[in-house]
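Have a look at run_13.txt; it's compact mmCIF, C-alpha atoms:
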```
# COMPACT_ATOMS: atom_id res chain seq x y z
CA MET A 1 22.81 21.19 41.54
CA SER A 2 26.09 21.00 39.63
CA GLN A 3 25.77 20.81 35.87
CA SER A 4 29.05 18.82 35.47
CA PRO A 5 27.30 15.40 35.26
CA PHE A 6 25.50 16.63 32.13
CA GLN A 7 28.52 17.88 30.21
CA LYS A 8 28.73 14.70 28.14
CA PHE A 9 25.18 15.26 26.82
CA VAL A 10 25.75 17.85 24.11
CA VAL A 11 22.36 19.02 22.82
CA LYS A 12 23.67 20.06 19.41
CA LYS A 13 24.96 16.57 18.67
CA LYS A 14 21.69 14.98 19.67
CA ASN A 15 19.60 17.47 17.70
CA SER A 16 21.84 17.16 14.64
CA ALA A 17 21.48 13.39 14.79
CA VAL A 18 17.70 13.72 14.87
CA LYS A 19 17.74 16.18 11.96
CA GLU A 20 20.00 13.90 9.92
CA ALA A 21 17.64 10.98 10.54
CA PHE A 22 14.72 13.07 9.26
CA ARG A 23 16.73 14.08 6.19
CA GLN A 24 17.59 10.48 5.40
CA GLU A 25 14.00 9.35 5.86
CA LYS A 26 12.74 12.16 3.62
CA LYS A 27 15.26 11.21 0.91
CA LYS A 28 14.10 7.61 1.15
CA VAL A 29 10.46 8.60 0.73
CA LYS A 30 11.31 10.77 -2.28
CA LYS A 31 13.23 7.90 -3.85
CA GLU A 32 10.31 5.49 -3.40
CA ARG A 33 7.88 8.03 -4.81
CA ALA A 34 10.12 8.72 -7.84
CA ALA A 35 10.37 4.99 -8.57
CA TYR A 36 6.58 4.69 -8.40
CA PHE A 37 5.98 7.54 -10.86
CA ASP A 38 8.73 6.27 -13.18
CA LYS A 39 6.90 2.97 -13.34
CA ILE A 40 3.64 4.73 -14.24
CA LYS A 41 5.40 6.75 -16.96
CA GLU A 42 6.91 3.59 -18.42
CA GLU A 43 3.50 1.88 -18.52
CA LYS A 44 1.95 4.88 -20.27
CA TYR A 45 4.82 4.97 -22.75
CA GLN A 46 4.38 1.27 -23.57
CA ALA A 47 0.63 1.82 -24.05
CA ARG A 48 1.28 4.72 -26.47
CA MET A 49 3.78 2.66 -28.45
CA ALA A 50 1.34 -0.25 -28.70
CA LYS A 51 -1.37 2.10 -29.97
CA LYS A 52 1.05 3.66 -32.46
CA ASN A 53 2.04 0.23 -33.80
CA ALA A 54 -1.61 -0.74 -34.17
CA LEU A 55 -2.31 2.36 -36.28
CA ALA A 56 0.81 1.76 -38.37
CA ASN A 57 -0.29 -1.82 -39.27
CA PRO A 58 -3.95 -1.63 -40.35
CA VAL A 59 -3.56 -4.76 -42.52
CA GLU A 60 -2.89 -6.89 -39.44
CA ASN A 61 -5.92 -5.37 -37.73
CA LYS A 62 -8.15 -6.26 -40.70
CA SER A 63 -6.85 -9.81 -40.75
CA THR A 64 -8.15 -10.27 -37.20
CA LYS A 65 -11.52 -8.70 -37.94
CA LYS A 66 -13.24 -12.08 -37.86
CA ASP A 67 -12.10 -12.55 -34.30
CA LYS A 68 -13.56 -9.22 -33.16
CA PRO A 69 -16.91 -10.50 -31.81
CA ASN A 70 -15.26 -13.12 -29.61
CA SER A 71 -12.48 -10.78 -28.42
CA THR A 72 -15.05 -8.07 -27.65
CA SER A 73 -17.16 -10.44 -25.62
CA VAL A 74 -14.08 -11.55 -23.69
CA LYS A 75 -13.14 -7.93 -22.98
CA VAL A 76 -16.63 -7.07 -21.79
CA LYS A 77 -16.72 -10.08 -19.54
CA SER A 78 -13.27 -9.24 -18.16
CA SER A 79 -14.22 -5.61 -17.47
CA VAL A 80 -17.39 -6.69 -15.68
CA GLN A 81 -15.39 -9.07 -13.48
CA THR A 82 -12.81 -6.36 -12.70
CA SER A 83 -15.54 -3.86 -11.86
CA SER A 84 -17.20 -6.39 -9.61
CA VAL A 85 -13.96 -7.08 -7.72
CA GLN A 86 -13.21 -3.35 -7.28
CA ASN A 87 -16.70 -2.63 -5.93
CA VAL A 88 -16.50 -5.34 -3.24
CA MET A 89 -15.12 -3.93 0.02
CA PRO A 90 -14.80 -5.26 3.61
CA LEU A 91 -17.37 -3.63 5.89
CA ASN A 92 -14.83 -2.01 8.25
CA LYS A 93 -12.99 -0.51 5.27
CA TYR A 94 -16.30 0.67 3.81
CA LEU A 95 -17.12 2.57 7.03
CA ALA A 96 -13.69 4.20 6.93
CA HIS A 97 -14.19 5.30 3.32
CA CYS A 98 -17.56 6.75 4.28
CA GLY A 99 -15.85 8.97 6.83
CA VAL A 100 -17.42 7.32 9.90
CA CYS A 101 -14.16 6.45 11.67
CA SER A 102 -10.90 4.56 11.15
CA ARG A 103 -10.92 0.90 10.13
CA ARG A 104 -9.79 -0.13 13.59
CA ASP A 105 -12.57 1.80 15.32
CA ALA A 106 -15.05 0.50 12.73
CA VAL A 107 -14.43 -3.07 13.92
CA ALA A 108 -15.78 -2.16 17.38
CA LEU A 109 -18.87 -0.46 15.91
CA ILE A 110 -19.62 -3.50 13.75
CA THR A 111 -19.14 -6.13 16.47
CA ASP A 112 -21.34 -4.05 18.78
CA GLY A 113 -24.18 -4.43 16.26
CA LYS A 114 -24.41 -0.76 15.30
CA VAL A 115 -24.30 -1.34 11.54
CA LYS A 116 -27.13 -2.66 9.38
CA ILE A 117 -26.94 -3.97 5.82
CA ASN A 118 -30.18 -4.27 3.87
CA GLY A 119 -32.12 -3.98 7.13
CA ASN A 120 -30.18 -6.69 8.99
CA ILE A 121 -27.54 -6.21 11.71
CA VAL A 122 -24.13 -7.44 10.55
CA LYS A 123 -21.45 -8.13 13.14
CA GLU A 124 -18.71 -9.41 10.83
CA PRO A 125 -16.10 -6.70 9.98
CA GLY A 126 -14.93 -8.72 6.97
CA TYR A 127 -18.38 -8.85 5.36
CA LYS A 128 -18.00 -7.97 1.67
CA VAL A 129 -20.14 -4.93 0.86
CA GLN A 130 -21.64 -5.07 -2.65
CA VAL A 131 -22.62 -2.08 -4.79
CA THR A 132 -26.30 -2.94 -4.34
CA ASP A 133 -26.08 -3.13 -0.52
CA GLU A 134 -27.70 -0.45 1.63
CA VAL A 135 -25.47 0.22 4.65
CA LEU A 136 -26.94 2.05 7.65
CA PHE A 137 -25.16 3.52 10.68
CA ASN A 138 -27.23 5.37 13.29
CA ASN A 139 -30.17 4.82 10.90
CA LYS A 140 -28.45 6.92 8.22
CA LYS A 141 -27.45 5.54 4.84
CA LEU A 142 -23.72 5.66 4.18
CA PHE A 143 -22.00 6.64 0.95
CA VAL A 144 -18.31 6.33 0.11
CA THR A 145 -16.63 9.73 0.47
CA LYS A 146 -14.87 11.02 -2.64
CA ASN A 147 -14.05 14.53 -1.43
CA LEU A 148 -11.01 13.70 0.70
CA GLN A 149 -9.82 16.26 3.24
CA TYR A 150 -6.46 16.49 5.04
CA ILE A 151 -6.16 18.97 7.91
CA LEU A 152 -3.28 19.72 10.31
CA LEU A 153 -4.33 21.17 13.67
CA ASN A 154 -2.11 22.68 16.36
CA LYS A 155 -4.14 21.27 19.23
CA PRO A 156 -4.36 23.28 22.47
CA LYS A 157 -4.87 21.76 25.92
CA ASP A 158 -8.36 21.01 27.29
CA TYR A 159 -9.68 19.61 23.99
CA ILE A 160 -10.31 15.90 23.52
CA THR A 161 -9.65 14.01 20.28
CA THR A 162 -13.04 12.38 19.76
CA THR A 163 -15.79 13.19 17.28
CA ASP A 164 -18.30 13.80 20.09
CA ASP A 165 -18.36 13.64 23.88
CA PRO A 166 -21.35 12.59 26.03
CA GLN A 167 -19.98 14.73 28.90
CA GLY A 168 -20.12 17.87 26.78
CA ARG A 169 -16.38 18.58 26.85
CA LYS A 170 -14.70 20.54 24.07
CA THR A 171 -13.56 18.44 21.08
CA VAL A 172 -11.00 19.12 18.35
CA LEU A 173 -13.77 19.08 15.73
CA GLN A 174 -15.06 22.35 17.16
CA LEU A 175 -11.73 23.95 16.24
CA ILE A 176 -11.88 22.88 12.57
CA LYS A 177 -15.62 23.23 11.90
CA ALA A 178 -14.94 25.99 9.36
CA ALA A 179 -12.45 23.80 7.46
CA THR A 180 -14.84 21.35 5.81
CA GLU A 181 -18.41 20.08 5.67
CA GLU A 182 -17.12 16.52 5.28
CA ARG A 183 -17.03 14.30 8.33
CA VAL A 184 -13.36 13.97 9.31
CA TYR A 185 -11.82 12.23 12.29
CA PRO A 186 -8.45 12.38 14.10
CA ILE A 187 -5.58 10.05 13.22
CA GLY A 188 -4.53 8.63 16.56
CA ARG A 189 -5.13 10.46 19.81
CA LEU A 190 -3.63 13.19 21.94
CA ASP A 191 -4.94 13.20 25.49
CA ARG A 192 -6.77 16.21 26.88
CA ASN A 193 -3.69 17.81 28.45
CA THR A 194 -1.36 17.21 25.48
CA SER A 195 -0.96 19.87 22.80
CA GLY A 196 0.63 19.92 19.35
CA VAL A 197 0.40 18.39 15.88
CA LEU A 198 -2.79 16.45 15.14
CA LEU A 199 -3.96 15.24 11.72
CA LEU A 200 -7.63 14.92 10.78
CA THR A 201 -8.95 13.33 7.58
CA ASN A 202 -11.69 11.24 6.00
CA ASP A 203 -9.15 9.15 4.08
CA GLY A 204 -9.59 5.70 5.61
CA ASP A 205 -6.60 4.14 3.85
CA LEU A 206 -4.20 6.84 5.05
CA THR A 207 -5.59 6.61 8.58
CA GLN A 208 -5.06 2.86 8.59
CA LYS A 209 -1.48 3.26 7.38
CA LEU A 210 -0.45 5.98 9.84
CA SER A 211 -2.09 4.10 12.71
CA HIS A 212 -0.54 0.73 11.90
CA PRO A 213 2.48 -0.01 14.17
CA SER A 214 4.35 -1.81 11.39
CA PHE A 215 4.89 1.46 9.51
CA GLU A 216 6.76 2.90 12.53
CA ILE A 217 5.51 6.47 12.12
CA LYS A 218 7.75 8.72 14.20
CA LYS A 219 6.64 11.41 16.61
CA VAL A 220 8.71 14.06 18.40
CA TYR A 221 7.58 15.55 21.72
CA GLU A 222 8.82 18.34 23.97
CA VAL A 223 8.36 17.38 27.61
CA LYS A 224 8.42 19.75 30.58
CA LEU A 225 9.15 17.89 33.82
CA ASP A 226 8.70 18.97 37.42
CA LYS A 227 12.44 18.54 38.07
CA VAL A 228 15.78 18.00 36.31
CA LEU A 229 16.17 14.69 34.48
CA THR A 230 19.19 13.00 36.06
CA LYS A 231 22.00 11.35 34.13
CA ALA A 232 21.06 7.94 35.50
CA ASP A 233 17.44 8.23 34.39
CA PHE A 234 18.53 9.65 31.03
CA ASP A 235 20.56 6.45 30.48
CA LYS A 236 17.70 4.21 31.65
CA ILE A 237 15.32 5.69 29.08
CA LEU A 238 17.86 5.28 26.27
CA LYS A 239 18.47 1.64 27.21
CA GLY A 240 14.76 0.87 27.37
CA LEU A 241 12.21 0.57 30.17
CA THR A 242 9.86 -2.21 31.21
CA LEU A 243 6.37 -0.82 31.79
CA GLU A 244 3.21 -2.64 32.86
CA ASP A 245 2.37 -3.43 29.21
CA GLY A 246 5.87 -4.45 28.14
CA GLN A 247 9.23 -3.10 27.03
CA VAL A 248 9.46 0.36 25.47
CA TYR A 249 12.34 1.98 23.58
CA VAL A 250 12.81 5.55 22.37
CA ASP A 251 14.45 6.47 19.05
CA SER A 252 16.24 9.55 20.41
CA LEU A 253 16.50 11.59 23.59
CA ALA A 254 18.02 15.03 24.21
CA TYR A 255 17.92 18.05 26.48
CA ALA A 256 15.88 20.59 24.54
CA ASP A 257 17.31 23.49 26.55
CA SER A 258 20.95 23.44 27.62
CA LYS A 259 20.14 25.80 30.51
CA ASP A 260 17.11 23.86 31.75
CA LYS A 261 17.58 20.11 32.09
CA SER A 262 13.90 19.62 32.94
CA ILE A 263 12.88 20.28 29.30
CA ILE A 264 13.40 17.14 27.23
CA GLY A 265 13.08 16.31 23.54
CA ILE A 266 12.02 12.73 22.84
CA GLU A 267 11.51 10.91 19.53
CA ILE A 268 9.45 7.73 19.55
CA HIS A 269 7.43 5.60 17.12
CA SER A 270 5.39 3.61 19.63
CA GLY A 271 1.67 4.39 19.51
CA ARG A 272 0.77 2.95 22.91
CA ASN A 273 -1.61 4.93 25.08
CA ARG A 274 -0.01 7.84 27.01
CA ILE A 275 3.40 6.26 26.37
CA VAL A 276 5.51 9.42 26.79
CA ARG A 277 3.87 10.39 30.07
CA ARG A 278 4.17 6.84 31.39
CA ILE A 279 7.91 6.68 30.57
CA PHE A 280 8.67 9.63 32.85
CA GLU A 281 6.05 8.78 35.48
CA HIS A 282 7.62 5.31 35.75
CA LEU A 283 10.84 7.01 36.90
CA GLY A 284 9.09 9.29 39.40
CA TYR A 285 8.69 12.47 37.35
CA ASP A 286 5.57 14.56 36.94
CA VAL A 287 4.94 15.72 33.37
CA ARG A 288 3.79 19.33 33.65
CA ALA A 289 3.50 19.97 29.90
CA LEU A 290 3.61 17.75 26.83
CA ASP A 291 3.68 19.10 23.29
CA ARG A 292 3.91 17.06 20.07
CA VAL A 293 6.15 19.13 17.79
CA MET A 294 6.36 16.66 14.90
CA TYR A 295 4.22 13.83 13.54
CA ALA A 296 5.11 11.77 10.43
CA GLY A 297 7.50 14.50 9.29
CA LEU A 298 4.90 17.29 9.70
CA THR A 299 5.41 20.18 12.12
CA LYS A 300 3.21 22.96 13.51
CA LYS A 301 5.41 25.63 11.96
CA ASN A 302 3.42 28.80 11.13
CA VAL A 303 0.28 27.31 12.71
CA GLU A 304 -0.72 29.08 15.91
CA ARG A 305 -2.13 27.16 18.86
CA GLY A 306 -5.79 26.32 18.21
CA LYS A 307 -5.45 27.05 14.46
CA TRP A 308 -5.35 24.69 11.48
CA ARG A 309 -4.27 24.47 7.86
CA TYR A 310 -4.80 22.13 4.89
CA LEU A 311 -1.98 19.81 3.89
CA SER A 312 -0.34 20.54 0.55
CA GLU A 313 -0.46 17.98 -2.28
CA LYS A 314 3.24 17.32 -1.76
CA GLU A 315 2.71 16.61 1.95
CA ILE A 316 -0.16 14.24 1.17
CA ARG A 317 1.95 12.30 -1.34
CA LEU A 318 4.81 12.02 1.14
CA LEU A 319 2.45 10.64 3.79
CA LYS A 320 0.96 8.08 1.41
CA TYR A 321 4.36 6.72 0.34
CA MET A 322 6.08 7.07 3.72
CA ASN A 323 7.76 3.84 4.85
CA ALA A 324 5.96 1.97 2.04
CA SER A 325 8.80 -0.56 1.88
CA LYS A 326 8.26 -1.68 5.48
CA VAL A 327 4.83 -3.28 5.08
CA LYS A 328 3.06 -3.81 1.78
CA ASN A 329 -0.28 -5.02 3.04
CA PRO A 330 -0.92 -4.20 6.71
CA LYS A 331 -3.96 -5.90 8.16
```
Can you present the structure in this file as structure tokens?
Amino acid sequence: MSQSPFQKFVVKKKNSAVKEAFRQEKKKVKKERAAYFDKIKEEKYQARMAKKNALANPVENKSTKKDKPNSTSVKVKSSVQTSSVQNVMPLNKYLAHCGVCSRRDAVALITDGKVKINGNIVKEPGYKVQVTDEVLFNNKKLFVTKNLQYILLNKPKDYITTTDDPQGRKTVLQLIKAATEERVYPIGRLDRNTSGVLLLTNDGDLTQKLSHPSFEIKKVYEVKLDKVLTKADFDKILKGLTLEDGQVYVDSLAYADSKDKSIIGIEIHSGRNRIVRRIFEHLGYDVRALDRVMYAGLTKKNVERGKWRYLSEKEIRLLKYMNASKVKNPK
């Protein structure tokens, strides 16, 4: 087949556009993070100045000595109220913080009656868990996890992204069993025949954020098709397709190999089930291989297939403040 129809699709331009988008997004995240830490520094500075002024004016402090008992009692009462508010947590969030699963998956466990509080089955995900409550799942008492773990796995094919499998198939947890004794779970899913970047953690808040569609977490895949992607279909994907569950758009599309038009690079932020495979299957292509090369700005660089590594503190901070301006309080 003549390659002339593809001359207008210059891979370098497409790839450079993708790289520039990543650079801009990274700069945005750094700016948001810097503003956050500047705010903390300013608050600490104001607190130090207030303390310094108090020490420099002992006369004023003595003049208010008579008011100490009342002010102390108010402070104690206030701290008790604050502590009480901080210790109250919705049940689905509590399960996530205990490392059972994500908040979204916890809702299903709760509504199915698999969680007990003080000996009684509770089916309301929004139930406020108190400090004195005893929460049981699978007849085991749960405790909020404080030792947070963040693991990046380069997932191979033939492994499923569940914590356990009744059919006895291989799971991704078998690949990272030497990484931690904490109970971690995958963020999102890669199907059995998809390889590439997969994050696992017991941080329920981060899982909720990266899974929430409003944060528009981007993923980049390399797709190997059974035949060359035609110009017409290339254009159709860029314009948007209507699948059985609605319209779908990609952020970027490019030929990953200028000599082989059946290898495609695709960037997308949709988290719908098997979305990349369904895009190409909708147009009559068979996806022979699918590899996620980037997720939320993280790549599998220097991580061999089937191996894992811990995230650095810098990577964790970037994930936590990524796209923070999009949604302040996702539900």
### Interatomic distance, atom CA of A:Tyr159 to atom CA of A:Leu311 (Å, one decimal)
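Spanning atom CA of A:Tyr159 to atom CA of A:Leu311 is a straight-line distance of 21.5 Å.
Across the structure, atom CA of A:Lys209 and atom CA of A:Ala106 are spaced 14.8 Å apart.
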Check the smallest atom-to-atom distance from each of A:Leu318, A:Met294, A:Leu152, A:Ile237 to A:His282 using only C-alpha atoms, then report the winner.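 When distances to A:His282 are compared using only C-alpha atoms, the smallest one comes from A:Ile237.
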Any idea what the distance is between atom CA of A:Ile151 and atom CA of A:Leu199?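 So the answer is 5.8 Å.
Between A:Gly188 and the residues A:Asn273, A:Asn154, A:Thr111, A:Ser258, the shortest atom-to-atom distance, using all atoms listed in the file, involves A:Asn273.
Residues in contact with stretch 112-120 of chain A at 10 Å, where all atoms listed in the file are counted and same-chain residues fewer than 5 positions away are skipped, are listed as Leu91, Leu95, Ala106, Val107, Pro125, Tyr127, Val129, Thr132, Asp133, Glu134, Val135, Leu136, Phe137, Asn138, Asn139, Lys140 and Lys141 of chain A.
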Excluding A:Arg192 and residues on its chain fewer than 6 positions from it, collect all residues at most 9 Å away from it, counting only C-alpha atoms, and give them as a compact mmCIF listing (two decimals) with C-alpha atoms, in the coordinates of the input.
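In the end it all went to out-v1.txt:
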```txt
# COMPACT_ATOMS: atom_id res chain seq x y z
CA PRO A 156 -4.36 23.28 22.47
CA LYS A 157 -4.87 21.76 25.92
CA ASP A 158 -8.36 21.01 27.29
CA TYR A 159 -9.68 19.61 23.99
CA ILE A 160 -10.31 15.90 23.52
CA THR A 161 -9.65 14.01 20.28
```
Among A:Tyr255, A:Val29, A:Gly246, A:Ala232, A:Glu315 is approached most closely, using all atoms listed in the file, by A:Val29
### Nearest to A:Lys219 by atom-to-atom distance, counting only C-alpha atoms, from A:Lys28, A:Lys301, A:Arg104, A:His269
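Of all the options, A:His269 lies closest to A:Lys219.
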Next on the checklist: Just want the 7 Å neighbourhood of stretch 220-225 of chain A, counted on all atoms listed in the file, with same-chain residues fewer than 4 positions away dropped. Output as a ChimeraX atom specification.
Outcome noted: /A:262-268,285-295
Spatial neighbours of A:Glu313, max dist 12 Å, only C-alpha atoms, sep filter under 5 positions, as an mmCIF file with C-alpha atoms, in the coordinates of the input:
```cif
data_model
loop_
_atom_site.group_PDB
_atom_site.id
_atom_site.type_symbol
_atom_site.label_atom_id
_atom_site.label_comp_id
_atom_site.auth_asym_id
_atom_site.auth_seq_id
_atom_site.Cartn_x
_atom_site.Cartn_y
_atom_site.Cartn_z
ATOM 1 C CA LEU A 148 -11.010 13.700 0.700
ATOM 2 C CA GLN A 149 -9.820 16.260 3.240
ATOM 3 C CA TYR A 150 -6.460 16.490 5.040
ATOM 4 C CA ILE A 151 -6.160 18.970 7.910
ATOM 5 C CA LEU A 318 4.810 12.020 1.140
ATOM 6 C CA LEU A 319 2.450 10.640 3.790
ATOM 7 C CA LYS A 320 0.960 8.080 1.410
#
```
Counting all atoms listed in the file, closest pick from A:Lys31, A:Lys41, A:Lys155, A:Arg183 relative to A:Thr299 is A:Lys155
